[in-house]
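Please read the structure below before turning to the comments.
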Amino acid sequence: MGKINGGYLAARALKDEGVEVVFTLVGGHITQLLYGIRDAGIKVVDCRHECAAAYAADAYARATGKPGVVITTAGPGITDTVTAMIEAKMLGSPVIHIGGAGMQAFVDTGALQCINSLEVMSTCTKWARRVVSPQRTAEYITMAFRYALADTPGPVYLEMPADVLAVPFDEESIQPRNLPKKYRTDAVPFGDPALIDEVAETLAKAKKPAFFIGDHARWNAQYGECFTKLAEHLQAPVMVCNLARGVFIDDHHPLASIGGRCLKEADVIVEIGMNNNYLVRRGWAPFFNAEATLVQIDTDKNFIGFNTRADIGIVAGAGPAMKQIYEALLKKMPNPVANGGWTARAKELNKEYDDIVNGAANSDAIPINPGRCAMEVVKFLESDKGKDFSIICDGGEASLWSGLFAKASRPSQVVTFGPLGTIGTGAGFSLGTYFGTGKPVIYYSGDGSFGFYPMEFDTFAKNNVPLVAVISNDSAWGVIKLSEEYGNKDYVDKNGTVACDLEMNRRYDLLPAMWGGVGVLVEKPEDIIPAIEKVIASGKPGIVNVVVDRVTLSPMTSGGSLSTLM
């Protein structure tokens, strides 16, 4: 059999796991692993910053439904990813992070980039281990995948010292236990039949039922096609969070467009894979009806009863539970709801909010209203030329406007950050989404968040990623500036905001000249779509730099001060 090293053995295990692409920034400590990965036929995408590479792995996981892989060199290569790991952990996204380390013989001798990175990474992942034997690298890869996908998915960390990766050994010395087979299951639990029957009975009697699908549901979508049938049978409004958009119901569906503000009147609320955190006002009144019957379904018991009661709590996968509830409901209520009174009321509850949003979207003001900027981009996405695109929503106000208008008809067609509220994710998310879907990308960003990783355009260009960046440029850290002006008006009128202003109208559209791409400065709303089309025609990644006003606050921000979100 001959000689092999830990890097090649780990690469073989990644290949066996079905990994097709990894994201990295090269370093000496991980070279042997990258050699093995390349020789195994796995694509290596090299980024300009490790955190962007980790964001890419996260977005790849969201797009494909299977773990993304990021590989970083020792020391700062590892610590550069901390924010991305916490972003993945708080959202529940499975990321396999493999980090390099100095040779074990030189630990505590002041070796290059030798730090206690395992301790650091154990705080921002759900499982972290160091591999000390080259013969066990494949074994630990299988463990990493198992832990990343267990309960609520999330990021895991494996540290592989340089000698574990590089020192050759006899392949015959590998024990069968070091090459696990059938080491994890993809099974998703079904709900307790008695509790399923109780939910079906409750829904059959409900006058105002509503569904709320959370991020955790993304990872157990088997039988998910039953959900739309279930919602239609009950004529129940639907609200869908972040990761689950486009997975169980098309955002264009009439029931999916009226769920946002009806929860305060619903008499039965079924939460599926929900994290009742600040983004949904912790499940408290008045956002939720305090008198409603609350049903919570999750694979992880820790999220059942979190922040709010669970009148009926079911440990089950989202898709399997939906299938069970639908089948049980048909036995109790064979005829679908014909009365549209509840859906009409749900539309009415959304009207005031919709009027505000539509007013911004149709504004002809100059400078351009940021809501109009986002809506013009969405008009392109809804056109024949744009319907295949994904949209990555980055920044504060920019992500709120774009995420509000954009609609998902498939998983990861609309991508944004999770509960951590991380801005600057857009470049990495764009990269990972493209490699996960193979589809072109609109990278929509505020000017502040765009500044985090602009050199990832080198990565886009090198990998021929079909991408258009649209920058909603208000020359400010907009969400903070506007929140201060809105919530602390007396103080700001007297003293001004603090550290919120950026240089006016930076010409980000001039950057694409570096890679032979096209950039367009836009100051009128009707020019946004032609500018996008001009970049697409160039065949290279490009930038549309849109000058927007500095005064319009999104209804999501004005509807709740930052203090209520904290």
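Identifiers in the structure tokens: chain A, B, ... in order shown; residue index from 1 per chain; ligand index from 1 in order shown.
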> Using only C-alpha atoms, which residues sit within 6 Å of segment 250-257 of chain A once same-chain residues fewer than 4 positions away are excluded, as a list in words?
Replying inline: Pro237, Val238, Gly246, Lys407, Ala408 and Ser409 of chain A
>> So that I can check the surroundings of Asp501 of chain A, please list as a ChimeraX atom specification every protein, DNA and RNA residue that reaches within 12 Å of it, counting only C-alpha atoms and ignoring chain neighbours fewer than 5 positions away.
In response: /A:447-448,473-482,496,550
>> Residues within 10 Å of Thr202 of chain A, please, as an NGL selection string. Count only C-alpha atoms; anything in the same chain fewer than 3 positions from it doesn't count.
In response: :A and (196-199 or 205-207 or 209 or 267-268 or 293 or 295 or 312 or 329)
Could you write out the selected residues, including N, CA and C atoms, as a PDB file, in the first residue's frame?
ATOM      1  N   ILE A 196     -48.961  14.944  17.616  1.00  0.00           N
ATOM      2  CA  ILE A 196     -49.344  15.327  16.249  1.00  0.00           C
ATOM      3  C   ILE A 196     -50.857  15.390  16.138  1.00  0.00           C
ATOM      4  N   ASP A 197     -51.534  14.409  16.696  1.00  0.00           N
ATOM      5  CA  ASP A 197     -52.989  14.368  16.643  1.00  0.00           C
ATOM      6  C   ASP A 197     -53.584  15.559  17.401  1.00  0.00           C
ATOM      7  N   GLU A 198     -52.950  15.942  18.512  1.00  0.00           N
ATOM      8  CA  GLU A 198     -53.418  17.090  19.282  1.00  0.00           C
ATOM      9  C   GLU A 198     -53.275  18.385  18.484  1.00  0.00           C
ATOM     10  N   VAL A 199     -52.172  18.522  17.749  1.00  0.00           N
ATOM     11  CA  VAL A 199     -51.985  19.709  16.903  1.00  0.00           C
ATOM     12  C   VAL A 199     -53.028  19.740  15.800  1.00  0.00           C
ATOM     13  N   LYS A 205     -59.947  23.194  14.783  1.00  0.00           N
ATOM     14  CA  LYS A 205     -60.878  24.055  15.516  1.00  0.00           C
ATOM     15  C   LYS A 205     -60.507  25.537  15.420  1.00  0.00           C
ATOM     16  N   ALA A 206     -59.321  25.831  14.930  1.00  0.00           N
ATOM     17  CA  ALA A 206     -58.827  27.203  14.923  1.00  0.00           C
ATOM     18  C   ALA A 206     -59.633  28.083  13.967  1.00  0.00           C
ATOM     19  N   LYS A 207     -59.801  29.333  14.354  1.00  0.00           N
ATOM     20  CA  LYS A 207     -60.439  30.327  13.488  1.00  0.00           C
ATOM     21  C   LYS A 207     -59.397  31.195  12.781  1.00  0.00           C
ATOM     22  N   PRO A 209     -55.574  30.463  12.353  1.00  0.00           N
ATOM     23  CA  PRO A 209     -54.267  29.788  12.477  1.00  0.00           C
ATOM     24  C   PRO A 209     -53.190  30.502  11.673  1.00  0.00           C
ATOM     25  N   ASP A 267     -55.088  32.801  16.625  1.00  0.00           N
ATOM     26  CA  ASP A 267     -55.487  32.044  17.813  1.00  0.00           C
ATOM     27  C   ASP A 267     -54.691  30.753  17.979  1.00  0.00           C
ATOM     28  N   VAL A 268     -54.040  30.299  16.896  1.00  0.00           N
ATOM     29  CA  VAL A 268     -53.107  29.166  16.968  1.00  0.00           C
ATOM     30  C   VAL A 268     -51.870  29.535  16.154  1.00  0.00           C
ATOM     31  N   THR A 293     -52.800  29.653  21.235  1.00  0.00           N
ATOM     32  CA  THR A 293     -52.194  28.351  21.513  1.00  0.00           C
ATOM     33  C   THR A 293     -50.894  28.275  20.728  1.00  0.00           C
ATOM     34  N   VAL A 295     -47.729  26.229  19.378  1.00  0.00           N
ATOM     35  CA  VAL A 295     -47.174  24.914  19.047  1.00  0.00           C
ATOM     36  C   VAL A 295     -45.742  25.128  18.595  1.00  0.00           C
ATOM     37  N   ILE A 312     -47.934  23.062  23.109  1.00  0.00           N
ATOM     38  CA  ILE A 312     -47.674  21.716  22.587  1.00  0.00           C
ATOM     39  C   ILE A 312     -46.261  21.736  22.015  1.00  0.00           C
ATOM     40  N   LEU A 329     -54.682  16.059   9.842  1.00  0.00           N
ATOM     41  CA  LEU A 329     -55.702  17.081   9.655  1.00  0.00           C
ATOM     42  C   LEU A 329     -56.747  16.643   8.638  1.00  0.00           C
TER      43      LEU A 329
END
Closest contacts (segment 286-337 of chain A/segment 211-231 of chain A, max 8 Å, only C-alpha atoms) as a tab-separated table:
residue	atom	partner	partner_atom	distance
A:Asp298	CA	A:His216	CA	7.5
A:Gly317	CA	A:Asn220	CA	5.3
A:Ala318	CA	A:Ala217	CA	5.2
A:Gly319	CA	A:Gly224	CA	4.5
A:Pro320	CA	A:Tyr223	CA	5.9
A:Met322	CA	A:Phe227	CA	5.8
A:Lys323	CA	A:Cys226	CA	5.4
A:Ile325	CA	A:Leu230	CA	8.0
A:Tyr326	CA	A:Leu230	CA	5.4
Limited to C-alpha atoms, could you put the picked residues into a file as a JSON list (two decimals), in the first residue's frame?
[["chain", "number", "residue", "atom", "x", "y", "z"],
["A", 298, "ASP", "CA", -37.87, 21.44, 16.59],
["A", 317, "GLY", "CA", -37.92, 17.41, 11.93],
["A", 318, "ALA", "CA", -39.78, 20.22, 10.19],
["A", 319, "GLY", "CA", -40.72, 18.35, 7.02],
["A", 320, "PRO", "CA", -41.71, 15.08, 8.73],
["A", 322, "MET", "CA", -45.60, 18.92, 8.54],
["A", 323, "LYS", "CA", -46.37, 15.69, 6.70],
["A", 325, "ILE", "CA", -49.92, 17.12, 10.73],
["A", 326, "TYR", "CA", -51.29, 17.42, 7.20]]
> What's the 10 Å shell around Phe417 of chain A, counting only C-alpha atoms, without same-chain residues fewer than 6 positions away, as an MDAnalysis selection string?
Replying inline: chainID A and resid 55 59 87:88 91 242:243 392:395 399 423:426 429
> Of the candidates A:Val468, A:Cys262, A:Val45, A:Val492, which shows the shortest atom-to-atom distance to Ser538 of chain A, using only C-alpha atoms?
Replying inline: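 Selected residue with least distance to Ser538 of chain A: A:Val468.
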> Can you list, as a PyMOL selection string, every protein, DNA or RNA residue that comes within 8 Å of Glu376 of chain A when you count only C-alpha atoms, leaving out same-chain residues fewer than 4 positions away?
Replying inline: chain A and resi 372+380+525-526+528-529
>> Can you pull out the residues contacting segment 171-180 of chain A? Cut-off 8 Å, using only C-alpha atoms, and skip same-chain residues under 3 positions away; I want them as a ChimeraX atom specification.
In response: /A:1-4,135-139,142,183
For Gly260 of chain A, work out the shell of residues within 9 Å, counting only C-alpha atoms and skipping chain neighbours fewer than 6 positions away, then give it as a PDB file with C-alpha atoms, in the first residue's frame.
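Once everything was written out, this is out-v4.pdb:
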ATOM      1  CA  PRO A 237     -50.957  33.008   6.716  1.00  0.00           C
ATOM      2  CA  VAL A 238     -47.278  32.061   6.713  1.00  0.00           C
ATOM      3  CA  MET A 239     -44.203  33.889   7.971  1.00  0.00           C
ATOM      4  CA  VAL A 240     -40.798  32.475   6.985  1.00  0.00           C
ATOM      5  CA  ALA A 346     -54.264  39.322   7.730  1.00  0.00           C
ATOM      6  CA  LEU A 349     -53.151  44.031   9.350  1.00  0.00           C
ATOM      7  CA  ASN A 350     -50.299  44.356   6.872  1.00  0.00           C
TER       8      ASN A 350
END
>> Give me, as an NGL selection string, the residues of segment 288-521 of chain A that a backbone DSSP run labels helix (DSSP H, G or I).
In response: :A and (301-303 or 318-332 or 341-361 or 370-382 or 397-405 or 426-437 or 447-450 or 456-462 or 478-487 or 489-495 or 508-515)
Now that the selection is made, can you save its residues with C-alpha atoms as a short mmCIF file (atom, residue, chain, number, x, y, z; two decimals), in the first residue's frame?
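Resulting contents of selection_31.cif:
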data_model
loop_
_atom_site.label_atom_id
_atom_site.label_comp_id
_atom_site.auth_asym_id
_atom_site.auth_seq_id
_atom_site.Cartn_x
_atom_site.Cartn_y
_atom_site.Cartn_z
CA LYS A 301 -35.43 20.34 22.81
CA ASN A 302 -33.43 23.39 23.88
CA PHE A 303 -35.47 25.58 21.53
CA ALA A 318 -39.78 20.22 10.19
CA GLY A 319 -40.72 18.35 7.02
CA PRO A 320 -41.71 15.08 8.73
CA ALA A 321 -43.87 16.92 11.28
CA MET A 322 -45.60 18.92 8.54
CA LYS A 323 -46.37 15.69 6.70
CA GLN A 324 -47.78 14.10 9.83
CA ILE A 325 -49.92 17.12 10.73
CA TYR A 326 -51.29 17.42 7.20
CA GLU A 327 -52.25 13.75 7.03
CA ALA A 328 -53.83 13.87 10.51
CA LEU A 329 -55.70 17.08 9.66
CA LEU A 330 -57.24 15.56 6.52
CA LYS A 331 -58.84 12.87 8.67
CA LYS A 332 -60.40 15.44 10.99
CA GLY A 341 -62.18 36.08 6.19
CA TRP A 342 -59.00 35.40 8.17
CA THR A 343 -56.72 35.91 5.18
CA ALA A 344 -58.53 39.16 4.40
CA ARG A 345 -57.93 40.30 7.98
CA ALA A 346 -54.26 39.32 7.73
CA LYS A 347 -53.94 41.48 4.62
CA GLU A 348 -55.61 44.34 6.46
CA LEU A 349 -53.15 44.03 9.35
CA ASN A 350 -50.30 44.36 6.87
CA LYS A 351 -51.79 47.33 5.03
CA GLU A 352 -50.33 50.18 7.07
CA TYR A 353 -46.88 48.64 6.87
CA ASP A 354 -47.27 47.87 3.16
CA ASP A 355 -48.33 51.45 2.43
CA ILE A 356 -45.13 52.77 4.03
CA VAL A 357 -43.00 50.28 2.14
CA ASN A 358 -44.72 50.89 -1.19
CA GLY A 359 -44.36 54.63 -0.75
CA ALA A 360 -40.59 54.23 -0.51
CA ALA A 361 -40.48 51.73 -3.35
CA PRO A 370 -33.05 53.56 -0.54
CA GLY A 371 -36.33 51.66 -0.71
CA ARG A 372 -36.65 52.60 -4.40
CA CYS A 373 -33.07 51.46 -5.00
CA ALA A 374 -33.84 48.04 -3.52
CA MET A 375 -37.10 47.75 -5.42
CA GLU A 376 -35.43 48.51 -8.77
CA VAL A 377 -32.99 45.68 -8.12
CA VAL A 378 -35.88 43.36 -7.26
CA LYS A 379 -37.67 44.40 -10.47
CA PHE A 380 -34.62 43.16 -12.32
CA LEU A 381 -34.65 39.92 -10.33
CA GLU A 382 -38.30 39.37 -11.22
CA GLU A 397 -30.46 49.44 6.21
CA ALA A 398 -29.41 48.04 2.82
CA SER A 399 -30.01 44.45 3.90
CA LEU A 400 -33.35 45.34 5.50
CA TRP A 401 -34.69 47.01 2.36
CA SER A 402 -33.40 44.38 -0.06
CA GLY A 403 -34.43 41.43 2.11
CA LEU A 404 -37.89 42.91 2.45
CA PHE A 405 -38.57 43.22 -1.29
CA GLY A 426 -21.80 39.80 1.54
CA ALA A 427 -18.59 39.04 -0.35
CA GLY A 428 -18.12 35.65 1.29
CA PHE A 429 -21.81 34.81 1.13
CA SER A 430 -21.84 35.67 -2.59
CA LEU A 431 -18.92 33.35 -3.24
CA GLY A 432 -20.35 30.43 -1.28
CA THR A 433 -23.84 30.86 -2.72
CA TYR A 434 -22.48 30.82 -6.26
CA PHE A 435 -20.48 27.64 -5.72
CA GLY A 436 -23.43 26.06 -3.92
CA THR A 437 -26.03 26.86 -6.57
CA ASP A 447 -21.30 51.31 1.33
CA GLY A 448 -20.04 50.69 4.86
CA SER A 449 -20.42 46.93 4.74
CA PHE A 450 -18.97 46.81 1.23
CA GLU A 456 -12.69 39.46 -2.69
CA PHE A 457 -13.54 40.87 -6.12
CA ASP A 458 -10.17 39.44 -7.06
CA THR A 459 -11.54 36.06 -6.00
CA PHE A 460 -14.71 36.62 -8.03
CA ALA A 461 -12.74 37.60 -11.12
CA LYS A 462 -10.27 34.74 -10.80
CA GLY A 478 -26.78 54.24 7.88
CA VAL A 479 -28.66 52.07 10.35
CA ILE A 480 -26.79 53.58 13.32
CA LYS A 481 -26.89 57.16 12.02
CA LEU A 482 -30.60 57.01 11.26
CA SER A 483 -31.43 55.20 14.50
CA GLU A 484 -29.63 57.91 16.48
CA GLU A 485 -31.40 60.66 14.57
CA TYR A 486 -34.73 58.90 15.04
CA GLY A 487 -34.36 57.74 18.65
CA LYS A 489 -33.28 63.45 18.19
CA ASP A 490 -32.79 66.14 20.88
CA TYR A 491 -29.22 65.04 21.57
CA VAL A 492 -28.30 64.59 17.89
CA ASP A 493 -29.84 67.93 16.87
CA LYS A 494 -27.54 69.59 19.39
CA ASN A 495 -24.38 67.49 19.16
CA TYR A 508 -16.65 52.47 -5.72
CA ASP A 509 -17.67 52.11 -9.36
CA LEU A 510 -14.06 52.87 -10.37
CA LEU A 511 -12.74 49.69 -8.70
CA PRO A 512 -13.71 47.20 -11.47
CA ALA A 513 -11.16 48.77 -13.83
CA MET A 514 -8.53 46.84 -11.84
CA TRP A 515 -9.84 43.51 -13.15
#
